[in-house]
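Content type compact mmCIF, C-alpha atoms, from the file final.txt:
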```txt
# COMPACT_ATOMS: atom_id res chain seq x y z
CA MET A 52 -37.45 5.36 121.48
CA THR A 53 -41.21 5.39 121.27
CA ILE A 54 -42.77 6.69 118.08
CA ASN A 55 -46.42 7.49 117.45
CA VAL A 56 -48.71 9.47 115.17
CA GLN A 57 -48.27 12.63 117.30
CA ILE A 58 -44.50 12.55 116.71
CA LYS A 59 -45.11 11.91 113.03
CA GLN A 60 -47.45 14.93 112.91
CA ALA A 61 -44.89 17.12 114.70
CA LEU A 62 -42.18 16.06 112.23
CA TYR A 63 -44.53 16.70 109.31
CA ASP A 64 -45.34 20.17 110.67
CA GLN A 65 -41.65 20.95 111.19
CA LEU A 66 -40.82 19.88 107.63
CA ASN A 67 -43.59 22.15 106.34
CA VAL A 68 -42.13 25.09 108.29
CA MET A 69 -38.62 24.32 107.02
CA LEU A 70 -39.80 24.18 103.41
CA ASN A 71 -41.90 27.34 103.76
CA ASP A 72 -38.90 29.17 105.23
CA LYS A 73 -36.65 28.01 102.38
CA ILE A 74 -39.26 28.99 99.78
CA THR A 75 -39.64 32.44 101.35
CA ALA A 76 -35.87 32.93 101.43
CA ILE A 77 -35.36 31.93 97.79
CA ARG A 78 -38.24 34.15 96.66
CA GLN A 79 -36.67 37.06 98.54
CA ALA A 80 -33.31 36.35 96.91
CA MET A 81 -34.99 36.25 93.50
CA THR A 82 -36.65 39.60 94.15
CA GLU A 83 -33.32 41.11 95.18
CA THR A 84 -31.58 39.73 92.10
CA SER A 85 -34.34 41.05 89.83
CA GLU A 86 -34.13 44.47 91.47
CA SER A 87 -30.35 44.49 91.01
CA MET A 88 -30.79 43.72 87.33
CA LYS A 89 -33.30 46.56 86.92
CA ASN A 90 -31.15 49.04 88.83
CA ASP A 91 -27.90 48.15 87.09
CA THR A 92 -27.13 51.05 84.80
CA LYS A 93 -25.07 50.77 81.68
CA SER A 94 -21.56 52.04 82.24
CA SER A 95 -19.04 53.24 79.71
CA ALA A 96 -17.55 49.77 79.92
CA GLY A 97 -20.35 48.13 77.93
CA ASP A 98 -18.87 44.64 77.97
CA LYS A 99 -18.57 44.74 81.75
CA PHE A 100 -22.24 45.76 81.99
CA GLU A 101 -23.36 42.91 79.75
CA THR A 102 -21.24 40.40 81.67
CA GLY A 103 -22.68 41.61 84.98
CA ARG A 104 -26.26 41.36 83.70
CA GLU A 105 -25.58 37.90 82.30
CA MET A 106 -24.17 36.77 85.67
CA MET A 107 -27.28 38.09 87.42
CA GLN A 108 -29.50 36.30 84.88
CA ILE A 109 -27.63 33.05 85.51
CA GLU A 110 -28.10 33.57 89.26
CA LEU A 111 -31.82 34.23 88.75
CA ASN A 112 -32.11 31.06 86.65
CA ASN A 113 -30.34 29.04 89.38
CA GLN A 114 -32.67 30.49 92.01
CA GLN A 115 -35.69 29.53 89.87
CA VAL A 116 -34.40 25.95 89.65
CA GLN A 117 -34.00 25.88 93.45
CA LEU A 118 -37.50 27.29 93.91
CA ASN A 119 -38.97 24.66 91.58
CA LYS A 120 -37.25 21.88 93.54
CA LEU A 121 -38.52 23.27 96.85
CA MET A 122 -42.05 23.60 95.47
CA GLN A 123 -41.89 19.96 94.31
CA LEU A 124 -40.72 18.86 97.77
CA HIS A 125 -43.56 20.84 99.34
CA HIS A 126 -46.04 19.16 96.99
CA ASP A 127 -44.59 15.72 97.73
CA LEU A 128 -44.83 16.35 101.48
CA SER A 129 -48.48 17.37 101.10
CA LEU A 130 -49.24 13.88 99.75
CA ILE A 131 -48.45 12.24 103.10
CA LYS A 132 -51.42 11.07 105.14
CA VAL A 133 -50.01 11.55 108.63
CA SER A 134 -52.68 9.45 110.35
CA GLU A 135 -51.96 6.44 108.11
CA ILE A 136 -50.35 3.56 110.01
CA HIS A 137 -47.79 1.70 107.91
CA THR A 138 -47.06 -2.01 108.18
CA ALA A 139 -44.18 -1.83 105.69
CA VAL A 140 -41.70 0.98 105.11
CA GLY A 141 -42.94 3.30 102.39
CA PHE A 142 -43.59 6.95 101.64
CA GLY A 143 -44.96 8.56 104.80
CA SER A 144 -43.60 5.98 107.24
CA LEU A 145 -41.98 6.95 110.51
CA VAL A 146 -39.58 4.11 111.21
CA ASN A 147 -37.70 3.38 114.42
CA THR A 148 -34.66 1.22 113.72
CA SER A 149 -31.62 0.01 115.60
CA MET A 150 -29.69 2.78 113.76
CA GLY A 151 -32.09 5.69 114.37
CA CYS A 152 -35.51 7.04 113.46
CA TYR A 153 -36.35 7.87 109.88
CA PHE A 154 -39.31 9.79 108.47
CA VAL A 155 -39.61 8.57 104.90
CA SER A 156 -40.87 11.73 103.26
CA VAL A 157 -38.70 14.41 101.66
CA ALA A 158 -34.93 14.60 101.92
CA LEU A 159 -34.31 17.44 104.37
CA GLY A 160 -31.93 15.71 106.75
CA LYS A 161 -31.74 15.79 110.53
CA ILE A 162 -34.60 17.12 112.63
CA VAL A 163 -34.36 17.49 116.40
CA LEU A 164 -37.68 17.08 118.20
CA ASN A 165 -37.99 16.84 121.98
CA ASP A 166 -34.22 16.26 122.27
CA ALA A 167 -34.43 13.26 119.92
CA ASN A 168 -32.90 13.03 116.44
CA TYR A 169 -34.96 12.06 113.43
CA TYR A 170 -33.90 11.97 109.80
CA ALA A 171 -36.19 13.08 106.97
CA LEU A 172 -35.24 11.11 103.89
CA SER A 173 -36.70 10.08 100.59
CA LEU A 174 -37.26 6.60 99.25
CA ALA A 175 -34.76 7.47 96.52
CA SER A 176 -31.94 7.84 99.06
CA PRO A 177 -29.64 4.85 99.61
CA ILE A 178 -31.01 4.16 103.11
CA GLY A 179 -34.56 4.75 101.86
CA ARG A 180 -34.07 2.12 99.17
CA ALA A 181 -32.61 -0.30 101.73
CA LEU A 182 -35.53 0.16 104.13
CA HIS A 183 -38.28 0.19 101.49
CA GLY A 184 -40.80 -2.60 102.02
CA ALA A 185 -39.28 -3.80 105.31
CA LYS A 186 -41.62 -4.71 108.18
CA VAL A 187 -41.27 -4.61 111.96
CA GLY A 188 -38.83 -7.33 112.99
CA ASP A 189 -37.06 -7.39 109.61
CA ILE A 190 -33.32 -6.89 109.43
CA VAL A 191 -31.93 -5.07 106.41
CA THR A 192 -28.32 -4.52 105.46
CA PHE A 193 -27.05 -1.05 104.62
CA GLN A 194 -23.38 -0.36 103.90
CA GLY A 195 -22.45 -3.62 105.55
CA LYS A 196 -24.40 -2.86 108.76
CA LYS A 197 -27.45 -4.77 109.90
CA ILE A 198 -30.44 -2.56 110.75
CA GLU A 199 -33.42 -3.97 112.62
CA ILE A 200 -36.86 -2.44 112.14
CA LEU A 201 -38.13 -1.96 115.71
CA SER A 202 -41.42 -0.13 115.12
CA MET A 203 -43.23 2.12 112.65
CA VAL A 204 -46.28 4.27 112.17
```
Kindly transcribe the structure held in the file into structure tokens.
Amino acid sequence: MTINVQIKQALYDQLNVMLNDKITAIRQAMTETSESMKNDTKSSAGDKFETGREMMQIELNNQQVQLNKLMQLHHDLSLIKVSEIHTAVGFGSLVNTSMGCYFVSVALGKIVLNDANYYALSLASPIGRALHGAKVGDIVTFQGKKIEILSMV
């Protein structure tokens, strides 16, 4: 598989869209949860009302944590200089290996682009740690398998 800066840019753009979609969805869910809390009227079963409001507050807190994580991923992604050509695997590298193509960026998993599979992963992931610092021609071992670095941008 041939990789180049144009593919890296397309992957970067797709990751941005994915993150923006997730951020929009979680914000919408937060709005709906907040509206539910406001519209929830106190019933004669006071304890049930308080339990319901507490459950909604817990849900809102969980959604806020998710939003914060997504915003951090979005920030991290923005730090990538797509036009930068890497000579060793690091943050922002697009790496073609004997086991697949990896975009070392943010951990969002599989991306299909032009009928080819790419994997967006972070340096903190197990495979990211194994690949970190490797150069074209190097062979690294991951879970007992040898992975050759074929090319990178």
Who sits within 7 Å of range 80-85 of chain A, only C-alpha atoms, same chain under 2 positions skipped, as JSON, numbers by chain: {"A": [76, 77, 78, 87, 88, 89, 107, 111, 114]}
Closest of A:Val155, A:Glu86, A:Lys73, A:His137 to Gln117 in chain A - atom-to-atom distances counting only C-alpha atoms: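 So, comparing all the options, the nearest one is A:Lys73.
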Distance of CA of Leu128 in chain A from CA of Ala158 in chain A, expressed in Å to one decimal place: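 Interatomic distance, CA of Ala158 in chain A to CA of Leu128 in chain A: 10.1 Å.
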Point-to-point distance from CA of Pro177 in chain A to CA of Thr75 in chain A, Å rounded to tenths: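 According to the coordinates, CA of Pro177 in chain A and CA of Thr75 in chain A are separated by 29.4 Å.
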Counting only C-alpha atoms, the option among A:Val133, A:Ile190, A:Cys152, A:Leu201 closest to Ala167 in chain A: A:Cys152
Selected residue of minimal separation from Gly160 in chain A among A:Ser176, A:Gln57, A:Thr138, A:Gln123, counting only C-alpha atoms: A:Ser176
Close residues, Met203 in chain A itself excluded, 10 Å, all atoms listed in the file, min 6 positions apart in chain, as a VMD selection string: chain A and resid 53 to 56 59 136 to 140 144 to 148 152 to 154 186 to 187
Pairwise distance for CA of Leu182 in chain A and CA of Ile198 in chain A, rounded to one decimal in Å: 8.8 Å
Who sits within 10 Å of Ile178 in chain A, only C-alpha atoms, same chain under 3 positions skipped, as a ChimeraX atom specification: /A:153,155,172-175,181-183,191-194
Nearby residues (all atoms listed in the file) at most 9 Å from Asn168 in chain A, same-chain spacing under 6 positions excluded, as a list in words: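 Residues meeting the cut-off are Gly151, Cys152, Lys161 and Ile162 of chain A.
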For the selection you just gave me, I'd like the residues written to a file as a PDB file, in the frame of the given file, keeping C-alpha atoms.
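Contents of result24.pdb, freshly written:
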```pdb
ATOM      1  CA  GLY A 151     -32.090   5.690 114.370  1.00  0.00           C
ATOM      2  CA  CYS A 152     -35.510   7.040 113.460  1.00  0.00           C
ATOM      3  CA  LYS A 161     -31.740  15.790 110.530  1.00  0.00           C
ATOM      4  CA  ILE A 162     -34.600  17.120 112.630  1.00  0.00           C
TER       5      ILE A 162
END
```
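Remark: for Ile200 in chain A, the closest of the candidate residues A:Met150, A:Glu101, A:Tyr170, A:Leu66 is A:Met150 (distances computed over all atoms listed in the file).
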Contact residues around Ile131 in chain A with only C-alpha atoms at 10 Å, ignoring same-chain residues under 4 positions, as a list in words: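 Listed by chain and then number, they are Tyr63, His126, Asp127, Glu135, Phe142, Gly143, Ser144, Val155 and Ser156 of chain A.
Nearest to Ile74 in chain A of all the residues A:Leu130, A:Gln60, A:Asn113, A:Leu121 is A:Leu121, counting only C-alpha atoms.
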A:Ser149, A:Leu159, A:Thr102, A:Leu164 ranked by distance to Asp189 in chain A, top pick (using only C-alpha atoms):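 Answer, going by the shortest atom-to-atom distance: A:Ser149.
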Give me range 148-165 of chain A from this structure - N, CA and C atoms, as a short mmCIF file (atom, residue, chain, number, x, y, z; two decimals), in the first residue's frame.
```cif
data_model
loop_
_atom_site.label_atom_id
_atom_site.label_comp_id
_atom_site.auth_asym_id
_atom_site.auth_seq_id
_atom_site.Cartn_x
_atom_site.Cartn_y
_atom_site.Cartn_z
N THR A 148 3.02 -0.73 7.68
CA THR A 148 3.77 -1.86 8.21
C THR A 148 3.31 -3.15 7.53
N SER A 149 4.00 -4.21 7.83
CA SER A 149 3.62 -5.52 7.31
C SER A 149 2.31 -6.01 7.94
N MET A 150 1.84 -5.33 8.99
CA MET A 150 0.59 -5.71 9.67
C MET A 150 -0.55 -4.72 9.42
N GLY A 151 -0.30 -3.66 8.65
CA GLY A 151 -1.35 -2.68 8.39
C GLY A 151 -0.80 -1.27 8.46
N CYS A 152 -1.69 -0.31 8.21
CA CYS A 152 -1.32 1.11 8.24
C CYS A 152 -1.87 1.76 9.49
N TYR A 153 -1.02 2.52 10.16
CA TYR A 153 -1.38 3.15 11.42
C TYR A 153 -1.13 4.65 11.35
N PHE A 154 -2.12 5.42 11.75
CA PHE A 154 -1.97 6.86 11.89
C PHE A 154 -1.81 7.12 13.38
N VAL A 155 -0.61 7.46 13.79
CA VAL A 155 -0.31 7.67 15.20
C VAL A 155 -0.79 9.08 15.56
N SER A 156 -1.97 9.12 16.15
CA SER A 156 -2.62 10.40 16.41
C SER A 156 -3.47 10.30 17.67
N VAL A 157 -4.76 10.09 17.49
CA VAL A 157 -5.68 9.90 18.60
C VAL A 157 -6.36 8.55 18.42
N ALA A 158 -6.67 7.91 19.51
CA ALA A 158 -7.21 6.55 19.48
C ALA A 158 -8.69 6.56 19.11
N LEU A 159 -8.96 6.44 17.81
CA LEU A 159 -10.35 6.36 17.35
C LEU A 159 -10.61 5.11 16.52
N GLY A 160 -9.63 4.25 16.41
CA GLY A 160 -9.85 2.96 15.78
C GLY A 160 -9.75 2.96 14.26
N LYS A 161 -10.50 2.05 13.67
CA LYS A 161 -10.43 1.78 12.23
C LYS A 161 -11.08 2.89 11.41
N ILE A 162 -10.39 3.26 10.34
CA ILE A 162 -10.91 4.22 9.38
C ILE A 162 -10.76 3.59 8.00
N VAL A 163 -11.83 3.62 7.23
CA VAL A 163 -11.77 3.11 5.85
C VAL A 163 -11.68 4.32 4.93
N LEU A 164 -10.66 4.32 4.08
CA LEU A 164 -10.44 5.42 3.14
C LEU A 164 -10.05 4.81 1.81
N ASN A 165 -10.82 5.11 0.78
CA ASN A 165 -10.55 4.56 -0.56
C ASN A 165 -10.41 3.04 -0.53
#
```
